[in-house]
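Asker: Sharing a structure below in structure tokens format, with a few things to ask.
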Amino acid sequence: MTNRRAKAKAVQLQQEIMAGNQGTGGVQGSGSRALDDMEELAEFANDSDSDPAWTPEIDKPGEFVADQSDLAQDYPPIWRVDNKLLLQKYVPFDDQSGKILYRHVSTYSAWNEESKKKYVRIPVCVRVLNQVETIVEFLRNEMPGHNTPRGEGEVARNTVNQNQLVEKSMDETKSYQDVFEVYIQTLISQALDSNFLKEIFQEQDDYFLSRVKSIDSLTEDRRRRLVQITPWARTILTSLATFPAYDVMVELGQNGMQQCCGACHQPGIAVRIVLQGQTYNSATLAPTAAAPAQQQYDKTFQLCQTCSARFELLHKICHQKYMMFVECAKRVNQQIAHDSSKAATAILNELLADEHWLAMLFKEVRSIWAEIELLERLYRLQTGSQQ
Ligand SMILES: [Zn+2]
């Protein structure tokens, strides 16, 4: 780990974080909302990943199956064909690296001609196999989307398909893990020394810059694609990209039904959103002075339910780097609060050694990227346009 410039500036840092952190995190239940809204999209069965060679034969002991109705869940329970008469249940757990694996529990279910109709064979990969336990990974990506019957299974299959797309898309960005770790190292260093990013730009420090740019450009690509499929007035898009925080107030009663959404102009508003926070330079994260033009920013918007979910996602992708920085700064502050004499390098190394934390951050970022890719794909299907 190199961090030659990291210097602890505890007091200054804390003031900056206090100033920058006001009002963030005012929303709950983020992320999944937009996906939920899209789950009803009916025409989504034509995924080209289907595998005609897949057979429904699931008689062999040792194979894994899942109840088709459970497949709508992100991590459904799965079952191992234990013998000719029984299924043993496997339940999901987090293996501490951000990956969801499955281990068995002592729950069994009947395995007969009648119950077999409910199940579908699923691909798994054995991770641990010894006398004490068997741990497997459910390879959802390798599962074709066409093996549930038409009709009742339609909605479930669409959801499964979308989950598969999100997982596939998340897998595609997994290879950036090493790059991402240097990215986080850079943001921790910035939290320890507020000149860090400015200096690496001035000195054209390629080690850090190339990696920061790599992650930034992935985020920027998703931001651009999400804006492209969001036909909102430029004033809203500019404002939400400018201010790193916002408050959400739920609009109740008659008032909400009579007014129109400020983004899509349909009647009925659900929330009032008020942007706030210190404006900043997106490259160096340094606070920027309040320019006179800033008075022209619209900062209050009344939005319908659907648009408020889109607002949330847009805000996340626009301020992703800043939010990651706030996360790093919080952890740095905790360390300093615990031991104010701790060296900056020691703080940096300790945070970077927290693999679970890094994995969580990386997963969060990839899930936002993936969610946008899914929304874009659904949009193209809906409008029949190609890209
Ligand atoms: Zn709206």
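The way I read the labels, and the way they are meant: chains A, B, ... in the order of the structure tokens, residue 1 as the first residue of every chain, and ligand 1 as the first ligand shown, with later ones counted on from there.
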Where in range 161-345 of chain A does DSSP assign strand (DSSP E), given as a VMD selection string?
Answerer: chain A and resid 245 to 250 271 to 276 300 to 303
Asker: Around ligand 1, at most 7 Å away and counting only C-alpha atoms and all ligand atoms, which residues are there? Put them as number ranges by chain, please.
Answerer: A: 261-266, 303-307
Asker: Select, from A:Ile317, A:Val166, A:Ala241, A:Val227, the residue with the minimum atom-to-atom distance to Tyr297 in chain A, counting only C-alpha atoms.
Answerer: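 Nearest to Tyr297 in chain A: A:Ala241.
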Asker: Just checking: using only C-alpha atoms, which residue out of A:Thr230, A:Gln302, A:Tyr322, A:Ile184 ends up closest to Gln258 in chain A?
Answerer: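 Of A:Thr230, A:Gln302, A:Tyr322, A:Ile184, the one nearest Gln258 in chain A is A:Gln302, counting only C-alpha atoms.
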Asker: Expressed in Å to a single decimal, how great is the separation between CA of Gly98 in chain A and CA of Glu373 in chain A?
Answerer: 21.0 Å
Asker: Neighbouring residues of range 209-215 of chain A were defined as those with any atom within 9 Å, considering only C-alpha atoms; residues of the same chain fewer than 6 positions away were excluded. Please report them as a short mmCIF file (atom, residue, chain, number, x, y, z; two decimals) with N, CA and C atoms, in the first residue's frame.
Answerer:
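Listed below is the output, out-v2.cif:
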```
data_model
loop_
_atom_site.label_atom_id
_atom_site.label_comp_id
_atom_site.auth_asym_id
_atom_site.auth_seq_id
_atom_site.Cartn_x
_atom_site.Cartn_y
_atom_site.Cartn_z
N TYR A 176 -13.48 -5.40 -11.75
CA TYR A 176 -12.90 -4.11 -11.35
C TYR A 176 -12.55 -4.05 -9.87
N VAL A 179 -9.19 -2.45 -9.01
CA VAL A 179 -9.26 -1.03 -9.35
C VAL A 179 -10.09 -0.29 -8.30
N PHE A 180 -11.19 -0.91 -7.92
CA PHE A 180 -12.08 -0.29 -6.94
C PHE A 180 -11.38 -0.11 -5.60
N VAL A 182 -8.26 0.48 -5.04
CA VAL A 182 -7.39 1.67 -5.10
C VAL A 182 -8.26 2.95 -5.10
N TYR A 183 -9.40 2.85 -5.71
CA TYR A 183 -10.36 3.96 -5.70
C TYR A 183 -10.72 4.32 -4.26
N ILE A 184 -11.07 3.31 -3.49
CA ILE A 184 -11.42 3.54 -2.08
C ILE A 184 -10.19 4.01 -1.29
N THR A 186 -7.92 5.86 -2.43
CA THR A 186 -7.81 7.27 -2.78
C THR A 186 -8.79 8.11 -1.95
N LEU A 197 -6.62 14.52 -3.48
CA LEU A 197 -7.06 14.43 -4.89
C LEU A 197 -6.50 15.58 -5.72
N ILE A 200 -2.89 14.76 -6.57
CA ILE A 200 -2.64 13.73 -7.59
C ILE A 200 -3.02 14.23 -8.99
N PHE A 201 -3.97 15.14 -9.06
CA PHE A 201 -4.28 15.74 -10.37
C PHE A 201 -3.13 16.65 -10.81
#
```
